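*Asks:* Below is run_34.pdb; it holds PDB, C-alpha atoms.
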ATOM      1  CA  MET A   1     -15.752   2.104  10.084
ATOM      2  CA  SER A   2     -18.176   4.440   8.350
ATOM      3  CA  LEU A   3     -17.044   5.788   4.996
ATOM      4  CA  ARG A   4     -18.132   9.260   3.907
ATOM      5  CA  VAL A   5     -18.100   8.745   0.152
ATOM      6  CA  ASP A   6     -20.870   7.591  -2.177
ATOM      7  CA  LEU A   7     -22.720   5.898   0.659
ATOM      8  CA  ARG A   8     -24.403   3.156  -1.269
ATOM      9  CA  ALA A   9     -21.280   2.389  -3.262
ATOM     10  CA  THR A  10     -19.289   2.401  -0.049
ATOM     11  CA  LEU A  11     -21.720   0.131   1.784
ATOM     12  CA  ALA A  12     -21.634  -2.206  -1.190
ATOM     13  CA  LEU A  13     -17.863  -2.124  -1.099
ATOM     14  CA  MET A  14     -17.797  -2.875   2.625
ATOM     15  CA  LEU A  15     -20.268  -5.723   2.244
ATOM     16  CA  ALA A  16     -18.315  -7.096  -0.666
ATOM     17  CA  LEU A  17     -14.942  -6.129   0.800
ATOM     18  CA  PRO A  18     -12.897  -9.241   0.223
ATOM     19  CA  LEU A  19     -11.231 -10.943   3.131
ATOM     20  CA  TRP A  20      -8.066 -11.892   1.481
ATOM     21  CA  ALA A  21      -4.772 -13.425   2.431
ATOM     22  CA  GLN A  22      -1.682 -15.297   1.344
ATOM     23  CA  GLU A  23      -2.280 -19.035   1.111
ATOM     24  CA  PRO A  24       0.377 -21.694   0.498
ATOM     25  CA  ALA A  25       3.019 -20.911  -2.092
ATOM     26  CA  ALA A  26       1.708 -23.633  -4.420
ATOM     27  CA  TRP A  27      -0.980 -21.258  -5.658
ATOM     28  CA  THR A  28      -0.004 -19.094  -8.631
ATOM     29  CA  ASP A  29      -1.852 -16.133 -10.072
ATOM     30  CA  PRO A  30      -3.366 -17.243 -13.403
ATOM     31  CA  SER A  31      -3.796 -13.703 -14.739
ATOM     32  CA  PRO A  32      -1.316 -13.030 -17.582
ATOM     33  CA  HIS A  33       0.381  -9.996 -16.076
ATOM     34  CA  ARG A  34       3.919  -9.048 -15.168
ATOM     35  CA  VAL A  35       4.403  -7.460 -11.732
ATOM     36  CA  GLN A  36       6.796  -4.579 -11.171
ATOM     37  CA  PHE A  37       7.277  -1.885  -8.537
ATOM     38  CA  VAL A  38       7.654   1.814  -9.301
ATOM     39  CA  THR A  39       9.040   4.367  -6.851
ATOM     40  CA  VAL A  40       6.701   7.371  -6.704
ATOM     41  CA  ASP A  41       7.850   9.168  -3.553
ATOM     42  CA  GLU A  42      10.537   8.838  -0.903
ATOM     43  CA  ASN A  43      10.375   5.253   0.377
ATOM     44  CA  VAL A  44       7.075   4.663  -1.461
ATOM     45  CA  ARG A  45       6.773   2.006  -4.167
ATOM     46  CA  LEU A  46       3.582   1.076  -5.964
ATOM     47  CA  GLU A  47       2.735  -2.316  -7.412
ATOM     48  CA  VAL A  48       2.110  -2.052 -11.150
ATOM     49  CA  LEU A  49       0.570  -4.887 -13.158
ATOM     50  CA  ASP A  50       1.361  -5.107 -16.879
ATOM     51  CA  TRP A  51      -0.973  -7.309 -18.915
ATOM     52  CA  GLY A  52       0.836  -6.499 -22.143
ATOM     53  CA  GLY A  53      -0.854  -5.754 -25.444
ATOM     54  CA  SER A  54      -0.141  -3.200 -28.130
ATOM     55  CA  GLY A  55      -1.488   0.267 -28.821
ATOM     56  CA  ARG A  56      -2.368   3.220 -26.608
ATOM     57  CA  PRO A  57      -1.794   2.632 -22.864
ATOM     58  CA  LEU A  58      -4.924   1.886 -20.817
ATOM     59  CA  VAL A  59      -4.377   2.135 -17.055
ATOM     60  CA  PHE A  60      -6.821   0.731 -14.479
ATOM     61  CA  LEU A  61      -7.112   2.223 -10.966
ATOM     62  CA  PRO A  62      -8.973   0.262  -8.243
ATOM     63  CA  GLY A  63     -11.482   1.443  -5.662
ATOM     64  CA  LEU A  64     -10.973   1.918  -1.924
ATOM     65  CA  GLY A  65      -9.989  -1.355  -0.266
ATOM     66  CA  ASN A  66      -9.022  -3.020  -3.523
ATOM     67  CA  THR A  67      -5.802  -3.586  -5.445
ATOM     68  CA  ALA A  68      -5.092  -3.673  -9.164
ATOM     69  CA  HIS A  69      -5.679  -7.439  -9.021
ATOM     70  CA  VAL A  70      -9.426  -6.770  -8.919
ATOM     71  CA  PHE A  71      -9.046  -6.258 -12.703
ATOM     72  CA  ASP A  72      -7.205  -9.570 -13.249
ATOM     73  CA  ASP A  73     -10.052 -11.064 -15.296
ATOM     74  CA  PHE A  74     -11.322  -7.861 -16.920
ATOM     75  CA  ALA A  75      -8.170  -6.029 -18.003
ATOM     76  CA  PRO A  76      -6.805  -8.736 -20.370
ATOM     77  CA  LYS A  77      -9.900  -8.332 -22.540
ATOM     78  CA  PHE A  78      -8.406  -5.073 -23.881
ATOM     79  CA  THR A  79      -4.932  -6.273 -24.855
ATOM     80  CA  ALA A  80      -5.840  -6.812 -28.516
ATOM     81  CA  GLY A  81      -5.948  -3.039 -29.036
ATOM     82  CA  TYR A  82      -4.239  -1.475 -26.013
ATOM     83  CA  HIS A  83      -1.255  -1.934 -23.725
ATOM     84  CA  VAL A  84      -2.959  -2.524 -20.391
ATOM     85  CA  TYR A  85      -1.706  -1.711 -16.891
ATOM     86  CA  GLY A  86      -3.082  -1.565 -13.345
ATOM     87  CA  ILE A  87      -1.802   0.403 -10.339
ATOM     88  CA  THR A  88      -2.319  -0.484  -6.665
ATOM     89  CA  ARG A  89      -2.439   2.801  -4.704
ATOM     90  CA  ARG A  90      -0.319   3.401  -1.646
ATOM     91  CA  GLY A  91      -1.600   1.811   1.551
ATOM     92  CA  PHE A  92      -2.987  -1.349  -0.052
ATOM     93  CA  GLY A  93      -1.860  -4.774  -1.152
ATOM     94  CA  ALA A  94       1.811  -5.044  -2.079
ATOM     95  CA  SER A  95       2.283  -1.273  -2.420
ATOM     96  CA  SER A  96       3.994   0.706   0.324
ATOM     97  CA  ALA A  97       1.877   1.955   3.226
ATOM     98  CA  PRO A  98       3.563   5.172   4.406
ATOM     99  CA  ALA A  99       2.345   7.240   7.323
ATOM    100  CA  ALA A 100       1.270  10.144   5.090
ATOM    101  CA  GLY A 101       0.518  11.101   1.505
ATOM    102  CA  TYR A 102      -3.139  10.134   1.152
ATOM    103  CA  GLY A 103      -4.611  13.429  -0.048
ATOM    104  CA  ALA A 104      -6.417  13.475  -3.388
ATOM    105  CA  ASP A 105      -3.724  15.286  -5.354
ATOM    106  CA  ARG A 106      -0.877  13.283  -3.808
ATOM    107  CA  LEU A 107      -2.628  10.092  -4.946
ATOM    108  CA  GLY A 108      -3.052  11.664  -8.371
ATOM    109  CA  ASP A 109       0.634  12.546  -8.405
ATOM    110  CA  ASP A 110       1.458   8.921  -7.591
ATOM    111  CA  VAL A 111      -0.320   7.891 -10.786
ATOM    112  CA  LEU A 112       1.528  10.559 -12.770
ATOM    113  CA  ALA A 113       4.834   9.315 -11.346
ATOM    114  CA  VAL A 114       4.038   5.813 -12.628
ATOM    115  CA  LEU A 115       3.192   7.216 -16.066
ATOM    116  CA  ASP A 116       6.519   9.072 -16.083
ATOM    117  CA  SER A 117       8.512   6.043 -14.976
ATOM    118  CA  LEU A 118       6.953   3.799 -17.613
ATOM    119  CA  LYS A 119       7.076   6.587 -20.242
ATOM    120  CA  LEU A 120       3.374   6.247 -21.018
ATOM    121  CA  ASP A 121       2.261   8.905 -23.484
ATOM    122  CA  ARG A 122      -1.308  10.199 -23.048
ATOM    123  CA  PRO A 123      -2.871   6.998 -21.721
ATOM    124  CA  VAL A 124      -6.528   6.465 -20.955
ATOM    125  CA  LEU A 125      -7.222   6.115 -17.239
ATOM    126  CA  ALA A 126     -10.077   3.887 -16.059
ATOM    127  CA  GLY A 127     -10.933   4.117 -12.364
ATOM    128  CA  HIS A 128     -13.404   2.142 -10.289
ATOM    129  CA  SER A 129     -15.128   3.722  -7.276
ATOM    130  CA  LEU A 130     -12.554   5.819  -5.354
ATOM    131  CA  GLY A 131     -10.327   5.589  -8.426
ATOM    132  CA  GLY A 132     -12.490   8.421  -9.734
ATOM    133  CA  GLU A 133     -10.724  10.737  -7.285
ATOM    134  CA  GLU A 134      -7.365  10.176  -8.980
ATOM    135  CA  LEU A 135      -8.984  10.562 -12.415
ATOM    136  CA  SER A 136     -10.467  13.934 -11.478
ATOM    137  CA  SER A 137      -7.269  15.134  -9.813
ATOM    138  CA  ILE A 138      -5.306  14.468 -12.987
ATOM    139  CA  GLY A 139      -8.083  15.548 -15.372
ATOM    140  CA  SER A 140      -8.458  18.915 -13.634
ATOM    141  CA  ARG A 141      -4.778  19.718 -12.997
ATOM    142  CA  HIS A 142      -2.948  17.998 -15.863
ATOM    143  CA  PRO A 143      -5.473  17.247 -18.634
ATOM    144  CA  GLU A 144      -2.718  17.271 -21.242
ATOM    145  CA  ARG A 145      -1.245  14.114 -19.690
ATOM    146  CA  VAL A 146      -4.170  11.822 -20.583
ATOM    147  CA  ALA A 147      -6.297  11.097 -23.643
ATOM    148  CA  GLY A 148      -9.473  10.244 -21.756
ATOM    149  CA  LEU A 149     -10.999   9.246 -18.430
ATOM    150  CA  ILE A 150     -13.359   6.340 -17.705
ATOM    151  CA  TYR A 151     -15.313   6.360 -14.427
ATOM    152  CA  LEU A 152     -16.559   2.882 -13.460
ATOM    153  CA  ASP A 153     -19.269   3.703 -10.903
ATOM    154  CA  ALA A 154     -16.716   6.271  -9.790
ATOM    155  CA  GLY A 155     -18.225   9.701 -10.487
ATOM    156  CA  TYR A 156     -19.360  10.414  -6.933
ATOM    157  CA  SER A 157     -18.602  13.315  -4.594
ATOM    158  CA  TYR A 158     -14.912  12.450  -4.242
ATOM    159  CA  ALA A 159     -14.631  12.857  -8.039
ATOM    160  CA  PHE A 160     -17.153  15.627  -8.766
ATOM    161  CA  ASP A 161     -18.858  17.849  -6.210
ATOM    162  CA  ASN A 162     -20.537  21.104  -7.194
ATOM    163  CA  GLY A 163     -22.651  21.117  -4.043
ATOM    164  CA  LYS A 164     -25.843  20.052  -5.836
ATOM    165  CA  GLY A 165     -25.547  16.287  -6.201
ATOM    166  CA  MET A 166     -24.779  13.517  -3.749
ATOM    167  CA  THR A 167     -22.925  15.718  -1.293
ATOM    168  CA  VAL A 168     -20.888  14.413   1.619
ATOM    169  CA  GLU A 169     -23.275  16.217   3.948
ATOM    170  CA  ALA A 170     -26.297  14.380   2.538
ATOM    171  CA  GLN A 171     -24.496  11.073   2.894
ATOM    172  CA  GLN A 172     -23.541  11.837   6.471
ATOM    173  CA  GLU A 173     -27.171  12.528   7.278
ATOM    174  CA  LEU A 174     -28.232   9.170   5.844
ATOM    175  CA  ALA A 175     -25.395   7.430   7.661
ATOM    176  CA  LYS A 176     -26.977   8.367  10.993
ATOM    177  CA  SER A 177     -29.581   5.638  10.399
ATOM    178  CA  PRO A 178     -27.807   2.898   8.447
ATOM    179  CA  PRO A 179     -29.760  -0.131   7.195
ATOM    180  CA  PRO A 180     -29.165  -3.739   8.306
ATOM    181  CA  GLN A 181     -26.159  -5.311   6.624
ATOM    182  CA  GLY A 182     -25.583  -8.762   5.230
ATOM    183  CA  PRO A 183     -24.081 -11.623   7.210
ATOM    184  CA  PRO A 184     -20.292 -11.506   7.577
ATOM    185  CA  PRO A 185     -18.281 -14.588   6.640
ATOM    186  CA  ASN A 186     -18.297 -17.199   9.376
ATOM    187  CA  ALA A 187     -15.480 -19.559  10.319
ATOM    188  CA  GLY A 188     -16.449 -21.975   7.562
ATOM    189  CA  ASP A 189     -16.482 -19.189   4.975
ATOM    190  CA  ARG A 190     -12.992 -18.136   6.108
ATOM    191  CA  ALA A 191     -11.567 -21.644   6.057
ATOM    192  CA  SER A 192     -10.255 -21.323   2.492
ATOM    193  CA  PHE A 193     -10.300 -18.980  -0.478
ATOM    194  CA  THR A 194     -12.648 -21.299  -2.291
ATOM    195  CA  ALA A 195     -15.130 -20.954   0.565
ATOM    196  CA  LEU A 196     -14.623 -17.206   0.753
ATOM    197  CA  LEU A 197     -15.229 -16.746  -2.968
ATOM    198  CA  ALA A 198     -18.452 -18.725  -2.618
ATOM    199  CA  TRP A 199     -19.495 -16.509   0.313
ATOM    200  CA  SER A 200     -18.884 -13.371  -1.735
ATOM    201  CA  ALA A 201     -20.979 -14.621  -4.631
ATOM    202  CA  ARG A 202     -23.734 -15.912  -2.343
ATOM    203  CA  THR A 203     -23.906 -12.828  -0.142
ATOM    204  CA  ASN A 204     -22.924  -9.898  -2.341
ATOM    205  CA  GLY A 205     -23.512 -11.130  -5.873
ATOM    206  CA  VAL A 206     -19.958 -10.749  -7.190
ATOM    207  CA  ARG A 207     -16.992 -13.099  -7.336
ATOM    208  CA  PRO A 208     -13.720 -11.155  -7.596
ATOM    209  CA  PRO A 209     -10.551 -12.757  -8.960
ATOM    210  CA  GLU A 210      -8.944 -14.995  -6.388
ATOM    211  CA  ALA A 211      -5.708 -13.020  -6.521
ATOM    212  CA  GLU A 212      -7.573  -9.977  -5.236
ATOM    213  CA  PHE A 213      -8.660 -11.934  -2.176
ATOM    214  CA  ARG A 214      -5.061 -12.975  -1.562
ATOM    215  CA  GLN A 215      -3.639  -9.465  -1.450
ATOM    216  CA  THR A 216      -4.793  -7.836   1.763
ATOM    217  CA  LEU A 217      -5.323 -10.334   4.576
ATOM    218  CA  THR A 218      -2.897 -12.504   6.418
ATOM    219  CA  THR A 219      -3.117 -16.276   6.695
ATOM    220  CA  ALA A 220      -3.665 -17.884  10.074
ATOM    221  CA  ALA A 221      -1.441 -20.748  11.212
ATOM    222  CA  ASP A 222      -4.087 -23.295  10.219
ATOM    223  CA  GLY A 223      -4.301 -21.858   6.702
ATOM    224  CA  SER A 224      -7.594 -20.061   7.198
ATOM    225  CA  VAL A 225      -8.120 -16.428   6.203
ATOM    226  CA  GLY A 226      -6.715 -13.997   8.733
ATOM    227  CA  MET A 227      -6.911 -10.267   9.327
ATOM    228  CA  SER A 228      -6.448  -7.241   7.095
ATOM    229  CA  ARG A 229      -2.967  -6.149   6.107
ATOM    230  CA  THR A 230      -4.127  -2.603   5.384
ATOM    231  CA  PRO A 231      -3.219  -0.241   8.254
ATOM    232  CA  PRO A 232      -6.449   0.984   9.886
ATOM    233  CA  LYS A 233      -5.388   4.616   9.491
ATOM    234  CA  VAL A 234      -5.253   4.458   5.685
ATOM    235  CA  PRO A 235      -8.960   4.691   4.676
ATOM    236  CA  PRO A 236      -9.684   7.585   7.103
ATOM    237  CA  ALA A 237      -6.571   9.385   5.841
ATOM    238  CA  ILE A 238      -7.816   9.061   2.266
ATOM    239  CA  MET A 239     -11.243  10.383   3.213
ATOM    240  CA  ALA A 240      -9.705  13.290   5.119
ATOM    241  CA  GLY A 241      -7.868  14.224   1.922
ATOM    242  CA  PHE A 242     -10.921  14.552  -0.334
ATOM    243  CA  LYS A 243     -11.235  17.601  -2.594
ATOM    244  CA  LYS A 244     -14.216  19.068  -4.438
ATOM    245  CA  PHE A 245     -13.389  18.671  -8.117
ATOM    246  CA  THR A 246     -15.576  20.442 -10.678
ATOM    247  CA  ASP A 247     -13.277  21.309 -13.593
ATOM    248  CA  ILE A 248     -12.527  18.099 -15.503
ATOM    249  CA  ASN A 249     -11.083  18.855 -18.914
ATOM    250  CA  ARG A 250     -10.781  15.586 -20.794
ATOM    251  CA  PRO A 251     -13.081  13.321 -22.817
ATOM    252  CA  VAL A 252     -15.044  11.338 -20.231
ATOM    253  CA  LEU A 253     -17.084   8.150 -20.085
ATOM    254  CA  ALA A 254     -18.951   7.750 -16.802
ATOM    255  CA  ILE A 255     -20.732   4.450 -16.173
ATOM    256  CA  TYR A 256     -23.105   4.338 -13.207
ATOM    257  CA  ALA A 257     -24.769   1.299 -11.660
ATOM    258  CA  ILE A 258     -28.222   2.750 -10.999
ATOM    259  CA  PRO A 259     -30.438   1.525  -9.518
ATOM    260  CA  LYS A 260     -28.079  -0.949  -7.955
ATOM    261  CA  ALA A 261     -28.978  -4.614  -7.736
ATOM    262  CA  ALA A 262     -30.266  -5.939  -4.438
ATOM    263  CA  ALA A 263     -27.706  -8.086  -2.632
ATOM    264  CA  PRO A 264     -28.526 -11.829  -2.805
ATOM    265  CA  TRP A 265     -28.564 -12.151   0.987
ATOM    266  CA  LEU A 266     -31.754 -10.080   1.091
ATOM    267  CA  LYS A 267     -33.745 -12.940  -0.446
ATOM    268  CA  ASP A 268     -33.569 -14.858   2.820
ATOM    269  CA  ALA A 269     -33.859 -11.873   5.151
ATOM    270  CA  ASP A 270     -36.882 -11.276   7.360
ATOM    271  CA  PRO A 271     -39.513  -8.976   5.778
ATOM    272  CA  PRO A 272     -38.780  -6.034   8.131
ATOM    273  CA  VAL A 273     -35.094  -6.232   7.258
ATOM    274  CA  ARG A 274     -35.863  -6.346   3.536
ATOM    275  CA  ALA A 275     -38.186  -3.385   3.871
ATOM    276  CA  ALA A 276     -35.600  -1.327   5.776
ATOM    277  CA  VAL A 277     -32.874  -2.030   3.243
ATOM    278  CA  GLN A 278     -35.162  -1.313   0.299
ATOM    279  CA  ALA A 279     -36.271   1.997   1.802
ATOM    280  CA  PHE A 280     -32.669   3.024   2.404
ATOM    281  CA  SER A 281     -31.716   1.927  -1.113
ATOM    282  CA  GLY A 282     -34.488   4.081  -2.564
ATOM    283  CA  LYS A 283     -33.037   7.141  -0.833
ATOM    284  CA  ILE A 284     -29.565   6.321  -2.117
ATOM    285  CA  ASP A 285     -30.872   5.807  -5.651
ATOM    286  CA  ALA A 286     -32.514   9.239  -5.548
ATOM    287  CA  LEU A 287     -29.289  10.874  -4.367
ATOM    288  CA  THR A 288     -27.281   8.952  -6.951
ATOM    289  CA  GLU A 289     -29.559  10.146  -9.744
ATOM    290  CA  LYS A 290     -29.001  13.739  -8.594
ATOM    291  CA  GLN A 291     -25.258  13.104  -8.717
ATOM    292  CA  VAL A 292     -25.467  11.555 -12.189
ATOM    293  CA  LYS A 293     -27.357  14.558 -13.571
ATOM    294  CA  GLU A 294     -24.942  17.047 -12.010
ATOM    295  CA  PHE A 295     -21.961  15.117 -13.405
ATOM    296  CA  GLU A 296     -23.632  14.935 -16.796
ATOM    297  CA  ASN A 297     -24.323  18.673 -16.849
ATOM    298  CA  GLY A 298     -21.104  19.773 -15.159
ATOM    299  CA  VAL A 299     -18.523  17.850 -17.199
ATOM    300  CA  PRO A 300     -18.590  19.160 -20.779
ATOM    301  CA  GLY A 301     -18.973  16.417 -23.366
ATOM    302  CA  ALA A 302     -19.131  13.598 -20.826
ATOM    303  CA  LYS A 303     -20.885  10.477 -22.010
ATOM    304  CA  VAL A 304     -22.914   9.107 -19.110
ATOM    305  CA  VAL A 305     -24.235   5.539 -19.176
ATOM    306  CA  ARG A 306     -26.659   4.111 -16.625
ATOM    307  CA  ILE A 307     -26.710   0.339 -16.124
ATOM    308  CA  ALA A 308     -29.732  -0.786 -14.128
ATOM    309  CA  ASN A 309     -29.614  -3.513 -11.483
ATOM    310  CA  ALA A 310     -25.832  -3.769 -11.570
ATOM    311  CA  ASN A 311     -23.426  -4.237  -8.696
ATOM    312  CA  HIS A 312     -21.093  -1.444  -7.576
ATOM    313  CA  TYR A 313     -18.397  -3.673  -9.100
ATOM    314  CA  VAL A 314     -20.123  -3.082 -12.411
ATOM    315  CA  PHE A 315     -17.238  -4.423 -14.497
ATOM    316  CA  LEU A 316     -17.703  -7.766 -12.713
ATOM    317  CA  SER A 317     -21.500  -7.953 -12.583
ATOM    318  CA  ASN A 318     -22.144  -6.522 -16.080
ATOM    319  CA  GLU A 319     -18.927  -7.238 -17.891
ATOM    320  CA  ALA A 320     -20.336  -7.416 -21.438
ATOM    321  CA  GLU A 321     -22.096  -4.042 -21.169
ATOM    322  CA  VAL A 322     -19.077  -2.314 -19.677
ATOM    323  CA  LEU A 323     -16.770  -3.799 -22.311
ATOM    324  CA  ARG A 324     -19.065  -2.577 -25.068
ATOM    325  CA  GLU A 325     -19.314   0.956 -23.707
ATOM    326  CA  MET A 326     -15.606   1.239 -22.982
ATOM    327  CA  LYS A 327     -14.522  -0.012 -26.395
ATOM    328  CA  ALA A 328     -16.940   2.313 -28.160
ATOM    329  CA  PHE A 329     -15.626   5.287 -26.145
ATOM    330  CA  LEU A 330     -11.979   4.327 -26.647
ATOM    331  CA  ALA A 331     -12.516   4.204 -30.392
ATOM    332  CA  THR A 332     -13.489   7.894 -30.409
ATOM    333  CA  LEU A 333     -10.303   9.175 -28.756
ATOM    334  CA  LYS A 334      -7.606  10.909 -30.775
TER     335      LYS A 334
END
Can you turn what I pasted into structure tokens?

*Replies:*
Amino acid sequence: MSLRVDLRATLALMLALPLWAQEPAAWTDPSPHRVQFVTVDENVRLEVLDWGGSGRPLVFLPGLGNTAHVFDDFAPKFTAGYHVYGITRRGFGASSAPAAGYGADRLGDDVLAVLDSLKLDRPVLAGHSLGGEELSSIGSRHPERVAGLIYLDAGYSYAFDNGKGMTVEAQQELAKSPPPQGPPPNAGDRASFTALLAWSARTNGVRPPEAEFRQTLTTAADGSVGMSRTPPKVPPAIMAGFKKFTDINRPVLAIYAIPKAAAPWLKDADPPVRAAVQAFSGKIDALTEKQVKEFENGVPGAKVVRIANANHYVFLSNEAEVLREMKAFLATLK
């Protein structure tokens, strides 16, 4: 499947896309959250994680292919000053996967429905990757509902597109000649979650929380990692529902991983493969920089932070820097 969003971020996501499943019941999620389900539409319930804490609500939204559990290690670091939540969007993980309702504003309305149900007053929303779409939908249509928006390598064309940055058309042109990709997990890598976590770190340079791996793949009869639980139609439906947001009317922090770190698997690749990937990455970095500048100029008052040689999962690869920038931004909000 070829995704038509921030191409480099998407390729990174697909390379790092966890193969996750449900292993034996003896395993328990160590993250200190409470799990609840909130009805947001007819026959649609979303999984909501509540890490507790006190203060203004801070709500995390995951990227495409992920669930709120991707924040299991990161989110609790804010509970000293904020009440922290995470929402798994429709179509993924334990949330409902209806046949329809994947347009940008419907996904934004799902988030608003959760805020209403939990009676969250002017929270801060922090979205990773595709989560930026929901941030921009809410920030442009209902800015009064939130105190601020934090884009974690999320301010790409699905979140801001004035036709001058990293446009979908430019990405589609690059996608016609994609670079070589890293090795997929083999049977040994899929034999257990421990092995799969090691594969992710070794190949892609990030090690997501184990619970995230356990959310979206089945388990084979022998206990090995099985196939995806996400219906194949869901990602294309989300991409078909993209909008071009330009009018974002809230205080904004946008963190970009640029230039992105080279994936560890490249170290052992043949020189022609390394050269092809590096050339492609250079083109993506140039497009990303155009997007960053357009976002910076087009969103009044936005604070834009560039973190060099970070992974698309910047809150995992560069946790300390992201924590510092987020806490400094949060302290400025009224």

*Asks:* The PyMOL selection byres ((chain A and resi 299-307) around 9) - which residues does that actually catch in the file I just gave you? List them as a PDB file with C-alpha atoms, keeping the file's coordinate frame.

*Replies:*
ATOM      1  CA  PHE A 160     -17.153  15.627  -8.766  1.00  0.00           C
ATOM      2  CA  THR A 246     -15.576  20.442 -10.678  1.00  0.00           C
ATOM      3  CA  ASP A 247     -13.277  21.309 -13.593  1.00  0.00           C
ATOM      4  CA  ILE A 248     -12.527  18.099 -15.503  1.00  0.00           C
ATOM      5  CA  ASN A 249     -11.083  18.855 -18.914  1.00  0.00           C
ATOM      6  CA  ARG A 250     -10.781  15.586 -20.794  1.00  0.00           C
ATOM      7  CA  PRO A 251     -13.081  13.321 -22.817  1.00  0.00           C
ATOM      8  CA  VAL A 252     -15.044  11.338 -20.231  1.00  0.00           C
ATOM      9  CA  LEU A 253     -17.084   8.150 -20.085  1.00  0.00           C
ATOM     10  CA  ALA A 254     -18.951   7.750 -16.802  1.00  0.00           C
ATOM     11  CA  ILE A 255     -20.732   4.450 -16.173  1.00  0.00           C
ATOM     12  CA  TYR A 256     -23.105   4.338 -13.207  1.00  0.00           C
ATOM     13  CA  ALA A 257     -24.769   1.299 -11.660  1.00  0.00           C
ATOM     14  CA  ILE A 258     -28.222   2.750 -10.999  1.00  0.00           C
ATOM     15  CA  PRO A 259     -30.438   1.525  -9.518  1.00  0.00           C
ATOM     16  CA  LYS A 260     -28.079  -0.949  -7.955  1.00  0.00           C
ATOM     17  CA  VAL A 292     -25.467  11.555 -12.189  1.00  0.00           C
ATOM     18  CA  LYS A 293     -27.357  14.558 -13.571  1.00  0.00           C
ATOM     19  CA  GLU A 294     -24.942  17.047 -12.010  1.00  0.00           C
ATOM     20  CA  PHE A 295     -21.961  15.117 -13.405  1.00  0.00           C
ATOM     21  CA  GLU A 296     -23.632  14.935 -16.796  1.00  0.00           C
ATOM     22  CA  ASN A 297     -24.323  18.673 -16.849  1.00  0.00           C
ATOM     23  CA  GLY A 298     -21.104  19.773 -15.159  1.00  0.00           C
ATOM     24  CA  ALA A 308     -29.732  -0.786 -14.128  1.00  0.00           C
ATOM     25  CA  ASN A 309     -29.614  -3.513 -11.483  1.00  0.00           C
ATOM     26  CA  ALA A 310     -25.832  -3.769 -11.570  1.00  0.00           C
ATOM     27  CA  VAL A 314     -20.123  -3.082 -12.411  1.00  0.00           C
ATOM     28  CA  ASN A 318     -22.144  -6.522 -16.080  1.00  0.00           C
ATOM     29  CA  GLU A 321     -22.096  -4.042 -21.169  1.00  0.00           C
ATOM     30  CA  VAL A 322     -19.077  -2.314 -19.677  1.00  0.00           C
ATOM     31  CA  GLU A 325     -19.314   0.956 -23.707  1.00  0.00           C
ATOM     32  CA  PHE A 329     -15.626   5.287 -26.145  1.00  0.00           C
TER      33      PHE A 329
END

*Asks:* Using only C-alpha atoms, can you tell me which of A:Gly163, A:Gly188, A:Gly127, A:Pro32 comes closest to Ile150 (chain A)?

*Replies:*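 Of A:Gly163, A:Gly188, A:Gly127, A:Pro32, the one nearest Ile150 (chain A) is A:Gly127, counting only C-alpha atoms.
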
*Asks:* I would like the residues chosen by the PyMOL selection byres ((chain A and resi 136-139) around 8) on the shown file; could you give them as a list in words?

*Replies:*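 On this input, the PyMOL selection byres ((chain A and resi 136-139) around 8) captures Ala104, Asp105, Gly108, Asp109, Leu112, Gly132, Glu133, Glu134, Leu135, Ser140, Arg141, His142, Pro143, Arg145, Val146, Leu149, Ala159, Phe160, Phe245, Asp247, Ile248, Asn249 and Arg250 of chain A.
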
*Asks:* Here is a test: counting all atoms listed in the file, which residue of A:Lys283, A:Lys290, A:Arg274, A:Gly205 is nearest to Ala261 (chain A)?

*Replies:*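 The shortest atom-to-atom distance to Ala261 (chain A) comes from A:Gly205.
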
*Asks:* Counting all atoms listed in the file, which of A:Ala275, A:Ala195, A:Arg89, A:Gly55 gets nearest to Gly103 (chain A)?

*Replies:*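 Closest residue, counting all atoms listed in the file: A:Arg89.
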
*Asks:* Could you work out how far CA of Leu323 (chain A) lies from CA of Tyr151 (chain A), giving the answer in Å with one decimal?

*Replies:*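 Between CA of Tyr151 (chain A) and CA of Leu323 (chain A) the gap works out to 12.9 Å.
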
*Asks:* Looking at only C-alpha atoms, which of A:Val206, A:Gly165, A:Thr88, A:Val35 is the one that sits closest to Asn66 (chain A)?

*Replies:* A:Thr88

*Asks:* Render region 197-210 of chain A from the structure in the preceding block as a file of C-alpha atoms, as a PDB file, in the first residue's frame.

*Replies:*
ATOM      1  CA  LEU A 197      10.687  -5.392  19.562  1.00  0.00           C
ATOM      2  CA  ALA A 198      14.335  -6.234  18.924  1.00  0.00           C
ATOM      3  CA  TRP A 199      13.674  -6.248  15.162  1.00  0.00           C
ATOM      4  CA  SER A 200      12.059  -2.816  15.349  1.00  0.00           C
ATOM      5  CA  ALA A 201      14.984  -1.331  17.242  1.00  0.00           C
ATOM      6  CA  ARG A 202      17.554  -3.038  15.011  1.00  0.00           C
ATOM      7  CA  THR A 203      15.869  -2.176  11.724  1.00  0.00           C
ATOM      8  CA  ASN A 204      14.056   1.108  12.289  1.00  0.00           C
ATOM      9  CA  GLY A 205      15.782   2.633  15.295  1.00  0.00           C
ATOM     10  CA  VAL A 206      12.766   2.855  17.610  1.00  0.00           C
ATOM     11  CA  ARG A 207      11.315   0.497  20.195  1.00  0.00           C
ATOM     12  CA  PRO A 208       7.624   1.243  20.804  1.00  0.00           C
ATOM     13  CA  PRO A 209       5.871   0.158  24.001  1.00  0.00           C
ATOM     14  CA  GLU A 210       5.050  -3.520  23.919  1.00  0.00           C
TER      15      GLU A 210
END
